[in-house]
>>> print(open('coords-v6.tsv').read())   # TSV, C-alpha atoms
chain	number	residue	atom	x	y	z
K	1	MET	CA	24.95	38.29	51.25
K	2	ALA	CA	28.13	39.66	49.71
K	3	VAL	CA	29.21	36.18	48.73
K	4	GLU	CA	25.87	35.52	47.05
K	5	GLU	CA	26.03	38.81	45.15
K	6	ASP	CA	29.56	38.03	43.94
K	7	THR	CA	28.37	34.63	42.74
K	8	ARG	CA	25.52	36.20	40.78
K	9	ARG	CA	27.83	38.72	39.16
K	10	THR	CA	30.34	36.08	38.07
K	11	PRO	CA	29.86	35.45	34.34
K	12	GLU	CA	29.08	31.88	33.47
K	13	PRO	CA	31.94	30.15	31.63
K	14	PRO	CA	31.38	28.82	28.13
K	15	THR	CA	30.09	25.24	28.29
K	16	ALA	CA	29.92	24.12	24.68
K	17	PRO	CA	29.17	21.48	23.58
K	18	LEU	CA	27.13	20.77	26.74
K	19	THR	CA	24.10	22.90	27.61
K	20	GLU	CA	22.54	23.27	31.04
K	21	ALA	CA	19.59	21.13	29.92
K	22	GLN	CA	21.89	18.30	28.88
K	23	VAL	CA	23.88	18.43	32.12
K	24	GLU	CA	20.65	18.60	34.14
K	25	ARG	CA	19.40	15.50	32.33
K	26	MET	CA	22.69	13.73	32.99
K	27	PHE	CA	22.41	14.38	36.73
K	28	ALA	CA	18.72	13.46	36.70
K	29	ASP	CA	19.63	10.07	35.20
K	30	MET	CA	22.14	9.58	38.01
K	31	ASN	CA	19.59	10.60	40.65
K	32	ASP	CA	17.14	8.02	39.23
K	33	VAL	CA	19.53	5.19	40.06
K	34	ILE	CA	21.35	6.65	43.06
K	35	ARG	CA	19.90	3.91	45.24
K	36	ALA	CA	21.82	1.36	43.20
K	37	GLY	CA	24.78	1.80	45.54
K	38	GLU	CA	28.06	3.50	46.21
K	39	GLU	CA	29.27	3.22	42.62
K	40	MET	CA	26.69	5.72	41.38
K	41	ARG	CA	27.19	7.95	44.41
K	42	GLY	CA	30.90	7.99	43.70
K	43	LEU	CA	30.30	8.80	40.03
K	44	ARG	CA	28.00	11.70	40.92
K	45	ALA	CA	30.58	13.08	43.34
K	46	GLU	CA	33.30	12.83	40.68
K	47	MET	CA	31.13	14.59	38.10
K	48	ILE	CA	30.37	17.38	40.56
K	49	ARG	CA	34.08	17.97	41.13
K	50	LEU	CA	34.72	17.76	37.39
K	51	PHE	CA	32.21	20.50	36.56
K	52	ALA	CA	33.56	22.61	39.42
K	53	ASP	CA	37.02	22.26	37.84
K	54	LEU	CA	35.50	23.43	34.55
K	55	GLY	CA	34.45	26.65	36.27
K	56	TRP	CA	30.78	25.98	37.03
K	57	THR	CA	29.68	27.66	40.28
K	58	GLN	CA	28.55	25.54	43.22
K	59	ASP	CA	25.12	27.23	43.15
K	60	ARG	CA	24.71	26.28	39.50
K	61	ILE	CA	25.78	22.67	40.12
K	62	ALA	CA	23.44	22.44	43.11
K	63	ARG	CA	20.52	23.60	40.98
K	64	LEU	CA	21.27	21.08	38.24
K	65	THR	CA	21.85	18.12	40.57
K	66	GLY	CA	18.89	18.84	42.84
K	67	MET	CA	21.27	18.92	45.82
K	68	SER	CA	21.78	21.62	48.42
K	69	GLN	CA	24.64	24.06	47.97
K	70	PRO	CA	26.34	22.89	51.21
K	71	ALA	CA	26.19	19.27	49.96
K	72	VAL	CA	27.82	20.28	46.68
K	73	SER	CA	30.42	22.33	48.54
K	74	LYS	CA	31.28	19.30	50.66
K	75	GLN	CA	31.92	17.22	47.54
K	76	VAL	CA	34.03	19.94	45.95
K	77	THR	CA	36.17	20.63	49.00
K	78	LYS	CA	36.65	16.98	50.00
K	79	HIS	CA	39.46	16.60	47.47
K	80	LYS	CA	40.65	20.20	47.45
K	81	GLY	CA	44.10	19.21	48.72
K	82	ASP	CA	44.62	16.59	46.04
K	83	ASP	CA	47.01	17.21	43.18
K	84	PRO	CA	45.15	19.37	40.65
K	85	SER	CA	44.28	17.61	37.42
K	86	PRO	CA	43.64	19.30	34.08
K	87	PRO	CA	39.98	19.66	33.09
K	88	PRO	CA	38.75	16.97	30.71
K	89	ARG	CA	38.62	17.46	26.97
K	90	LEU	CA	35.03	17.78	25.83
K	91	SER	CA	35.49	16.62	22.24
K	92	LEU	CA	34.40	13.42	20.50
K	93	ASP	CA	37.81	12.77	18.95
K	94	GLN	CA	39.21	10.64	21.77
K	95	HIS	CA	40.03	6.97	21.50
K	96	ASP	CA	40.31	5.41	24.94
K	97	THR	CA	37.92	2.49	25.41
K	98	PRO	CA	35.61	4.02	28.08
K	99	TRP	CA	35.16	7.12	25.91
K	100	LEU	CA	34.22	5.01	22.89
K	101	GLU	CA	31.86	2.90	24.99
K	102	GLY	CA	30.17	6.08	26.19
K	103	ARG	CA	29.77	7.27	22.61
K	104	LEU	CA	28.20	3.93	21.69
K	105	TRP	CA	25.84	4.22	24.66
K	106	GLY	CA	24.78	7.73	23.62
K	107	LEU	CA	24.25	6.67	20.01
K	108	ALA	CA	22.11	3.73	21.11
K	109	GLU	CA	19.96	6.00	23.27
K	110	GLU	CA	19.42	8.39	20.36
K	111	ILE	CA	18.41	5.49	18.11
K	112	SER	CA	16.01	4.21	20.76
K	113	GLU	CA	14.35	7.60	21.19
K	114	THR	CA	14.18	8.28	17.45
K	115	LEU	CA	12.42	4.95	16.92
K	116	HIS	CA	10.11	5.61	19.91
K	117	ASP	CA	11.57	2.76	21.97
K	118	ALA	CA	10.90	0.24	19.17
K	119	ALA	CA	14.62	-0.24	18.54
K	120	HIS	CA	16.32	-3.55	19.19
K	121	CYS	CA	18.81	-1.77	21.46
K	122	THR	CA	16.16	-0.19	23.72
K	123	ARG	CA	16.08	-2.89	26.37
K	124	HIS	CA	19.87	-2.96	26.56
K	125	VAL	CA	20.31	0.80	26.97
K	126	ASN	CA	17.56	0.92	29.58
K	127	ALA	CA	19.36	-1.78	31.55
K	128	VAL	CA	22.64	0.15	31.30
K	129	ALA	CA	20.99	3.39	32.46
K	130	ARG	CA	19.53	1.63	35.50
K	131	GLY	CA	22.80	-0.04	36.42
K	132	ARG	CA	21.60	-3.56	35.59
K	133	LYS	CA	24.14	-4.00	32.77
K	134	HIS	CA	27.80	-3.03	32.91
K	135	PHE	CA	30.34	-2.35	30.22
K	136	THR	CA	31.91	-5.77	30.00
K	137	PRO	CA	33.43	-6.79	26.64
K	138	GLN	CA	30.51	-9.18	26.12
K	139	ASN	CA	27.89	-6.51	26.81
K	140	VAL	CA	29.64	-3.98	24.58
K	141	ASP	CA	29.72	-6.52	21.75
K	142	GLU	CA	26.03	-7.20	22.27
K	143	LEU	CA	25.20	-3.48	22.17
K	144	ARG	CA	27.24	-3.05	19.00
K	145	ARG	CA	25.32	-5.88	17.36
K	146	LEU	CA	21.95	-4.41	18.37
K	147	VAL	CA	22.87	-0.91	17.18
K	148	GLU	CA	24.11	-2.25	13.86
K	149	GLU	CA	20.89	-4.20	13.42
K	150	ASP	CA	18.79	-1.10	14.09
K	151	LEU	CA	20.85	0.93	11.63
K	152	ARG	CA	20.32	-1.74	8.97
K	153	LEU	CA	16.60	-2.26	9.53
K	154	HIS	CA	15.63	1.39	10.03
K	155	ARG	CA	17.97	3.12	7.59
K	156	ALA	CA	15.21	5.37	6.21
K	157	ALA	CA	14.09	6.54	9.65
K	158	LEU	CA	17.53	7.36	11.05
K	159	PRO	CA	19.72	10.32	10.05
K	160	ASP	CA	22.94	9.55	8.17
K	161	GLY	CA	24.90	10.92	11.12
K	162	HIS	CA	23.92	7.90	13.18
K	163	ARG	CA	25.56	5.49	10.72
K	164	HIS	CA	28.63	7.72	10.44
K	165	ALA	CA	28.99	7.85	14.23
K	166	TYR	CA	28.62	4.07	14.54
K	167	ASP	CA	31.22	3.40	11.84
K	168	GLU	CA	33.66	5.77	13.56
K	169	ILE	CA	33.10	4.24	17.01
K	170	SER	CA	33.26	0.68	15.70
K	171	ARG	CA	36.52	1.21	13.81
K	172	ALA	CA	38.12	2.79	16.87
K	173	LEU	CA	36.96	-0.04	19.17
K	174	ASP	CA	38.42	-2.59	16.76
K	175	THR	CA	41.86	-0.97	16.66
K	176	SER	CA	44.33	-0.35	19.44
K	177	ALA	CA	44.10	3.10	20.99
K	178	PRO	CA	46.88	5.53	20.03
K	179	ALA	CA	49.51	6.44	22.59
K	180	THR	CA	47.96	9.36	24.47
K	181	PRO	CA	48.21	10.57	28.08
K	182	THR	CA	46.02	8.51	30.40
K	183	PRO	CA	42.83	10.45	31.26
K	184	THR	CA	42.54	11.42	34.92
K	185	GLU	CA	38.80	10.76	35.06
K	186	SER	CA	37.44	7.35	36.02
K	187	PRO	CA	36.10	5.05	33.27
K	188	SER	CA	32.54	5.68	34.51
K	189	ALA	CA	32.99	9.44	34.28
K	190	ARG	CA	34.54	9.11	30.81
K	191	ARG	CA	31.57	7.05	29.59
K	192	THR	CA	29.06	9.48	31.09
K	193	LEU	CA	30.67	12.52	29.48
K	194	ALA	CA	31.08	10.84	26.09
K	195	ARG	CA	27.48	9.65	26.18
K	196	GLN	CA	26.11	13.18	26.62
K	197	ILE	CA	28.49	14.79	24.14
K	198	GLN	CA	27.69	12.17	21.50
K	199	ARG	CA	23.97	12.79	21.95
K	200	ALA	CA	24.46	16.56	21.71
K	201	ASN	CA	26.51	16.12	18.54
K	202	LEU	CA	23.90	13.91	16.87
K	203	ARG	CA	21.12	16.36	17.65
K	204	GLU	CA	23.12	19.25	16.23
K	205	GLU	CA	23.65	17.31	12.99
K	206	ALA	CA	20.02	16.21	12.67
>>> encode(input="coords-v6.tsv", output="structure tokens")
Amino acid sequence: MAVEEDTRRTPEPPTAPLTEAQVERMFADMNDVIRAGEEMRGLRAEMIRLFADLGWTQDRIARLTGMSQPAVSKQVTKHKGDDPSPPPRLSLDQHDTPWLEGRLWGLAEEISETLHDAAHCTRHVNAVARGRKHFTPQNVDELRRLVEEDLRLHRAALPDGHRHAYDEISRALDTSAPATPTPTESPSARRTLARQIQRANLREEA
């Protein structure tokens, strides 16, 4: 009981720009496709450890993932002896390819929802979310083309921030990434984080 009381008294760390609702949705999306195989299971485990490194309590993570606290604890402690890595930067201004792909994914999802699934990119983003499409160069090019088409055809219905975000992402994808330290997170984790942060940013600007 003492441990539980200590956990309740521990102040929650600041989580901006991600809210609990956004993180809960992120884990719910993962749970929807967890049967797809070990890749998604591995991604969920990595994200659990990542949020633990950011200071989120195991009880809080368990509630958001829909898992038991012992199951979360097992994921957190499995790599406890590994070399500690710095927590990830939670800002849009990063230029590695997986991060930019995640931003594009998040932008496409926002466009799809704003247009009530009538967007050209809807089928593509649904396939990505369900694990049926992967981030190959060809698929990324296709998604860019679909997003650009939606931005052109539905300019009046979409906020200006969507076009600004696309232009920024597109320019960065077309240029070589600047020399920066290699992120410690996997490409899948980078895309997942960037996707949610991009969506949060667009909604704040709307």
>>> residues_around(input="coords-v6.tsv", residues="range 186-199 of chain K", least_positions_apart="2", cutoff="6 Å", atoms="all atoms listed in the file", output="number ranges by chain")
K: 98-99, 102-103, 105-106, 201-202
>>> closest_residue(input="coords-v6.tsv", among="K:Thr184, K:Ala129, K:Ser170, K:Ala28", to="Leu100 in chain K", atoms="all atoms listed in the file")
K:Ser170
>>> residues_around(input="coords-v6.tsv", residues="Asp160 in chain K", least_positions_apart="2", cutoff="12 Å", atoms="all atoms listed in the file", output="list in words")
Ile111, Leu151, Arg152, His154, Arg155, Ala156, Ala157, Leu158, His162, Arg163, His164, Ala165, Tyr166, Asp167, Leu202, Arg203, Glu205 and Ala206 of chain K
>>> write_last_selection(input="coords-v6.tsv", atoms="C-alpha atoms", output="PDB file, in the frame of the given file")
ATOM      1  CA  ILE K 111      18.410   5.490  18.110  1.00  0.00           C
ATOM      2  CA  LEU K 151      20.850   0.930  11.630  1.00  0.00           C
ATOM      3  CA  ARG K 152      20.320  -1.740   8.970  1.00  0.00           C
ATOM      4  CA  HIS K 154      15.630   1.390  10.030  1.00  0.00           C
ATOM      5  CA  ARG K 155      17.970   3.120   7.590  1.00  0.00           C
ATOM      6  CA  ALA K 156      15.210   5.370   6.210  1.00  0.00           C
ATOM      7  CA  ALA K 157      14.090   6.540   9.650  1.00  0.00           C
ATOM      8  CA  LEU K 158      17.530   7.360  11.050  1.00  0.00           C
ATOM      9  CA  HIS K 162      23.920   7.900  13.180  1.00  0.00           C
ATOM     10  CA  ARG K 163      25.560   5.490  10.720  1.00  0.00           C
ATOM     11  CA  HIS K 164      28.630   7.720  10.440  1.00  0.00           C
ATOM     12  CA  ALA K 165      28.990   7.850  14.230  1.00  0.00           C
ATOM     13  CA  TYR K 166      28.620   4.070  14.540  1.00  0.00           C
ATOM     14  CA  ASP K 167      31.220   3.400  11.840  1.00  0.00           C
ATOM     15  CA  LEU K 202      23.900  13.910  16.870  1.00  0.00           C
ATOM     16  CA  ARG K 203      21.120  16.360  17.650  1.00  0.00           C
ATOM     17  CA  GLU K 205      23.650  17.310  12.990  1.00  0.00           C
ATOM     18  CA  ALA K 206      20.020  16.210  12.670  1.00  0.00           C
TER      19      ALA K 206
END
>>> closest_residue(input="coords-v6.tsv", among="K:Gly42, K:Pro17, K:Pro137, K:Gly66", to="Glu101 in chain K", atoms="all atoms listed in the file")
K:Pro137
>>> closest_atom_pairs(input="coords-v6.tsv", of="range 35-59 of chain K", to="range 69-79 of chain K", cutoff="8 Å", atoms="only C-alpha atoms", output="CSV")
residue,atom,partner,partner_atom,distance
K:Ala45,CA,K:Gln75,CA,6.0
K:Ile48,CA,K:Val76,CA,7.0
K:Arg49,CA,K:Val76,CA,5.2
K:Ala52,CA,K:Val76,CA,7.1
K:Gln58,CA,K:Gln69,CA,6.3
K:Asp59,CA,K:Gln69,CA,5.8
>>> closest_residue(input="coords-v6.tsv", among="K:Pro159, K:Arg123, K:Gln138, K:Glu148", to="Leu104 in chain K", atoms="all atoms listed in the file")
K:Glu148
>>> closest_residue(input="coords-v6.tsv", among="K:Thr57, K:Leu50, K:Arg145, K:Leu64", to="Arg25 in chain K", atoms="only C-alpha atoms")
K:Leu64
>>> residues_around(input="coords-v6.tsv", residues="Leu143 in chain K", least_positions_apart="4", cutoff="7 Å", atoms="only C-alpha atoms", output="list in words")
Cys121, His124, Asn139 and Val147 of chain K
>>> closest_residue(input="coords-v6.tsv", among="K:Arg89, K:Ile169, K:Val128, K:Ala21", to="Pro183 in chain K", atoms="only C-alpha atoms")
K:Arg89
>>> closest_residue(input="coords-v6.tsv", among="K:Glu168, K:Trp56, K:Ala119, K:Thr97", to="Thr19 in chain K", atoms="all atoms listed in the file")
K:Trp56
>>> decode(input="coords-v6.tsv", residues="range 26-71 of chain K", atoms="N, CA and C atoms", output="mmCIF file, in the first residue's frame")
data_model
loop_
_atom_site.group_PDB
_atom_site.id
_atom_site.type_symbol
_atom_site.label_atom_id
_atom_site.label_comp_id
_atom_site.auth_asym_id
_atom_site.auth_seq_id
_atom_site.Cartn_x
_atom_site.Cartn_y
_atom_site.Cartn_z
ATOM 1 N N MET K 26 -2.713 7.023 -29.316
ATOM 2 C CA MET K 26 -1.568 6.401 -29.977
ATOM 3 C C MET K 26 -1.479 4.928 -29.606
ATOM 4 N N PHE K 27 -1.609 4.627 -28.288
ATOM 5 C CA PHE K 27 -1.538 3.236 -27.860
ATOM 6 C C PHE K 27 -2.758 2.453 -28.338
ATOM 7 N N ALA K 28 -3.918 3.101 -28.410
ATOM 8 C CA ALA K 28 -5.109 2.406 -28.905
ATOM 9 C C ALA K 28 -4.919 1.991 -30.359
ATOM 10 N N ASP K 29 -4.292 2.883 -31.153
ATOM 11 C CA ASP K 29 -4.011 2.525 -32.553
ATOM 12 C C ASP K 29 -3.102 1.311 -32.622
ATOM 13 N N MET K 30 -2.111 1.263 -31.740
ATOM 14 C CA MET K 30 -1.204 0.112 -31.721
ATOM 15 C C MET K 30 -1.951 -1.156 -31.318
ATOM 16 N N ASN K 31 -2.828 -1.032 -30.307
ATOM 17 C CA ASN K 31 -3.572 -2.202 -29.842
ATOM 18 C C ASN K 31 -4.471 -2.749 -30.944
ATOM 19 N N ASP K 32 -4.987 -1.846 -31.812
ATOM 20 C CA ASP K 32 -5.875 -2.271 -32.892
ATOM 21 C C ASP K 32 -5.178 -3.202 -33.873
ATOM 22 N N VAL K 33 -3.868 -3.053 -34.013
ATOM 23 C CA VAL K 33 -3.147 -3.848 -35.007
ATOM 24 C C VAL K 33 -2.089 -4.744 -34.365
ATOM 25 N N ILE K 34 -2.231 -4.987 -33.057
ATOM 26 C CA ILE K 34 -1.195 -5.744 -32.358
ATOM 27 C C ILE K 34 -1.092 -7.167 -32.892
ATOM 28 N N ARG K 35 -2.183 -7.655 -33.478
ATOM 29 C CA ARG K 35 -2.142 -9.011 -34.026
ATOM 30 C C ARG K 35 -1.323 -9.097 -35.307
ATOM 31 N N ALA K 36 -0.928 -7.944 -35.826
ATOM 32 C CA ALA K 36 -0.181 -7.935 -37.083
ATOM 33 C C ALA K 36 1.159 -8.628 -36.951
ATOM 34 N N GLY K 37 1.681 -8.757 -35.736
ATOM 35 C CA GLY K 37 2.925 -9.491 -35.575
ATOM 36 C C GLY K 37 3.882 -8.851 -34.596
ATOM 37 N N GLU K 38 5.085 -9.400 -34.570
ATOM 38 C CA GLU K 38 6.071 -8.994 -33.583
ATOM 39 C C GLU K 38 6.560 -7.566 -33.788
ATOM 40 N N GLU K 39 6.490 -7.062 -35.005
ATOM 41 C CA GLU K 39 6.951 -5.693 -35.246
ATOM 42 C C GLU K 39 6.163 -4.687 -34.408
ATOM 43 N N MET K 40 4.827 -4.817 -34.392
ATOM 44 C CA MET K 40 4.017 -3.896 -33.612
ATOM 45 C C MET K 40 4.188 -4.145 -32.117
ATOM 46 N N ARG K 41 4.345 -5.401 -31.723
ATOM 47 C CA ARG K 41 4.589 -5.688 -30.311
ATOM 48 C C ARG K 41 5.899 -5.043 -29.857
ATOM 49 N N GLY K 42 6.914 -5.149 -30.716
ATOM 50 C CA GLY K 42 8.193 -4.541 -30.378
ATOM 51 C C GLY K 42 8.098 -3.031 -30.289
ATOM 52 N N LEU K 43 7.327 -2.420 -31.200
ATOM 53 C CA LEU K 43 7.151 -0.971 -31.172
ATOM 54 C C LEU K 43 6.432 -0.541 -29.899
ATOM 55 N N ARG K 44 5.390 -1.272 -29.521
ATOM 56 C CA ARG K 44 4.670 -0.909 -28.297
ATOM 57 C C ARG K 44 5.587 -1.003 -27.088
ATOM 58 N N ALA K 45 6.399 -2.055 -27.028
ATOM 59 C CA ALA K 45 7.323 -2.208 -25.907
ATOM 60 C C ALA K 45 8.325 -1.057 -25.866
ATOM 61 N N GLU K 46 8.828 -0.659 -27.030
ATOM 62 C CA GLU K 46 9.781 0.453 -27.083
ATOM 63 C C GLU K 46 9.124 1.752 -26.625
ATOM 64 N N MET K 47 7.891 1.988 -27.045
ATOM 65 C CA MET K 47 7.209 3.219 -26.656
ATOM 66 C C MET K 47 6.917 3.239 -25.160
ATOM 67 N N ILE K 48 6.615 2.077 -24.599
ATOM 68 C CA ILE K 48 6.410 2.006 -23.149
ATOM 69 C C ILE K 48 7.672 2.407 -22.411
ATOM 70 N N ARG K 49 8.818 1.864 -22.841
ATOM 71 C CA ARG K 49 10.085 2.213 -22.186
ATOM 72 C C ARG K 49 10.419 3.686 -22.396
ATOM 73 N N LEU K 50 10.084 4.206 -23.572
ATOM 74 C CA LEU K 50 10.369 5.603 -23.877
ATOM 75 C C LEU K 50 9.602 6.528 -22.935
ATOM 76 N N PHE K 51 8.305 6.265 -22.746
ATOM 77 C CA PHE K 51 7.531 7.126 -21.850
ATOM 78 C C PHE K 51 7.946 6.943 -20.395
ATOM 79 N N ALA K 52 8.390 5.746 -20.044
ATOM 80 C CA ALA K 52 8.931 5.556 -18.695
ATOM 81 C C ALA K 52 10.185 6.404 -18.510
ATOM 82 N N ASP K 53 11.039 6.465 -19.547
ATOM 83 C CA ASP K 53 12.242 7.296 -19.477
ATOM 84 C C ASP K 53 11.898 8.771 -19.376
ATOM 85 N N LEU K 54 10.735 9.162 -19.926
ATOM 86 C CA LEU K 54 10.301 10.553 -19.844
ATOM 87 C C LEU K 54 9.705 10.896 -18.478
ATOM 88 N N GLY K 55 9.585 9.898 -17.611
ATOM 89 C CA GLY K 55 9.103 10.149 -16.263
ATOM 90 C C GLY K 55 7.659 9.768 -15.998
ATOM 91 N N TRP K 56 6.996 9.135 -16.965
ATOM 92 C CA TRP K 56 5.615 8.711 -16.743
ATOM 93 C C TRP K 56 5.627 7.482 -15.832
ATOM 94 N N THR K 57 4.714 7.429 -14.864
ATOM 95 C CA THR K 57 4.672 6.299 -13.941
ATOM 96 C C THR K 57 4.144 5.055 -14.654
ATOM 97 N N GLN K 58 4.515 3.891 -14.116
ATOM 98 C CA GLN K 58 4.054 2.634 -14.718
ATOM 99 C C GLN K 58 2.539 2.500 -14.619
ATOM 100 N N ASP K 59 1.940 2.978 -13.516
ATOM 101 C CA ASP K 59 0.483 2.927 -13.387
ATOM 102 C C ASP K 59 -0.187 3.758 -14.473
ATOM 103 N N ARG K 60 0.379 4.920 -14.745
ATOM 104 C CA ARG K 60 -0.187 5.798 -15.770
ATOM 105 C C ARG K 60 -0.071 5.159 -17.155
ATOM 106 N N ILE K 61 1.089 4.586 -17.458
ATOM 107 C CA ILE K 61 1.293 3.934 -18.749
ATOM 108 C C ILE K 61 0.354 2.740 -18.884
ATOM 109 N N ALA K 62 0.188 1.980 -17.808
ATOM 110 C CA ALA K 62 -0.704 0.818 -17.850
ATOM 111 C C ALA K 62 -2.132 1.251 -18.172
ATOM 112 N N ARG K 63 -2.568 2.348 -17.561
ATOM 113 C CA ARG K 63 -3.918 2.840 -17.819
ATOM 114 C C ARG K 63 -4.090 3.258 -19.272
ATOM 115 N N LEU K 64 -3.090 3.906 -19.835
ATOM 116 C CA LEU K 64 -3.197 4.406 -21.204
ATOM 117 C C LEU K 64 -3.067 3.305 -22.246
ATOM 118 N N THR K 65 -2.291 2.275 -21.945
ATOM 119 C CA THR K 65 -2.095 1.182 -22.904
ATOM 120 C C THR K 65 -3.164 0.111 -22.802
ATOM 121 N N GLY K 66 -3.911 0.104 -21.681
ATOM 122 C CA GLY K 66 -4.873 -0.967 -21.473
ATOM 123 C C GLY K 66 -4.217 -2.255 -21.023
ATOM 124 N N MET K 67 -2.963 -2.160 -20.535
ATOM 125 C CA MET K 67 -2.239 -3.331 -20.053
ATOM 126 C C MET K 67 -2.260 -3.341 -18.526
ATOM 127 N N SER K 68 -1.877 -4.477 -17.954
ATOM 128 C CA SER K 68 -1.752 -4.540 -16.504
ATOM 129 C C SER K 68 -0.455 -3.872 -16.068
ATOM 130 N N GLN K 69 -0.421 -3.410 -14.817
ATOM 131 C CA GLN K 69 0.797 -2.777 -14.318
ATOM 132 C C GLN K 69 1.970 -3.745 -14.302
ATOM 133 N N PRO K 70 1.785 -5.022 -13.911
ATOM 134 C CA PRO K 70 2.911 -5.960 -13.971
ATOM 135 C C PRO K 70 3.448 -6.152 -15.394
ATOM 136 N N ALA K 71 2.554 -6.146 -16.395
ATOM 137 C CA ALA K 71 3.010 -6.303 -17.780
ATOM 138 C C ALA K 71 3.841 -5.106 -18.216
#
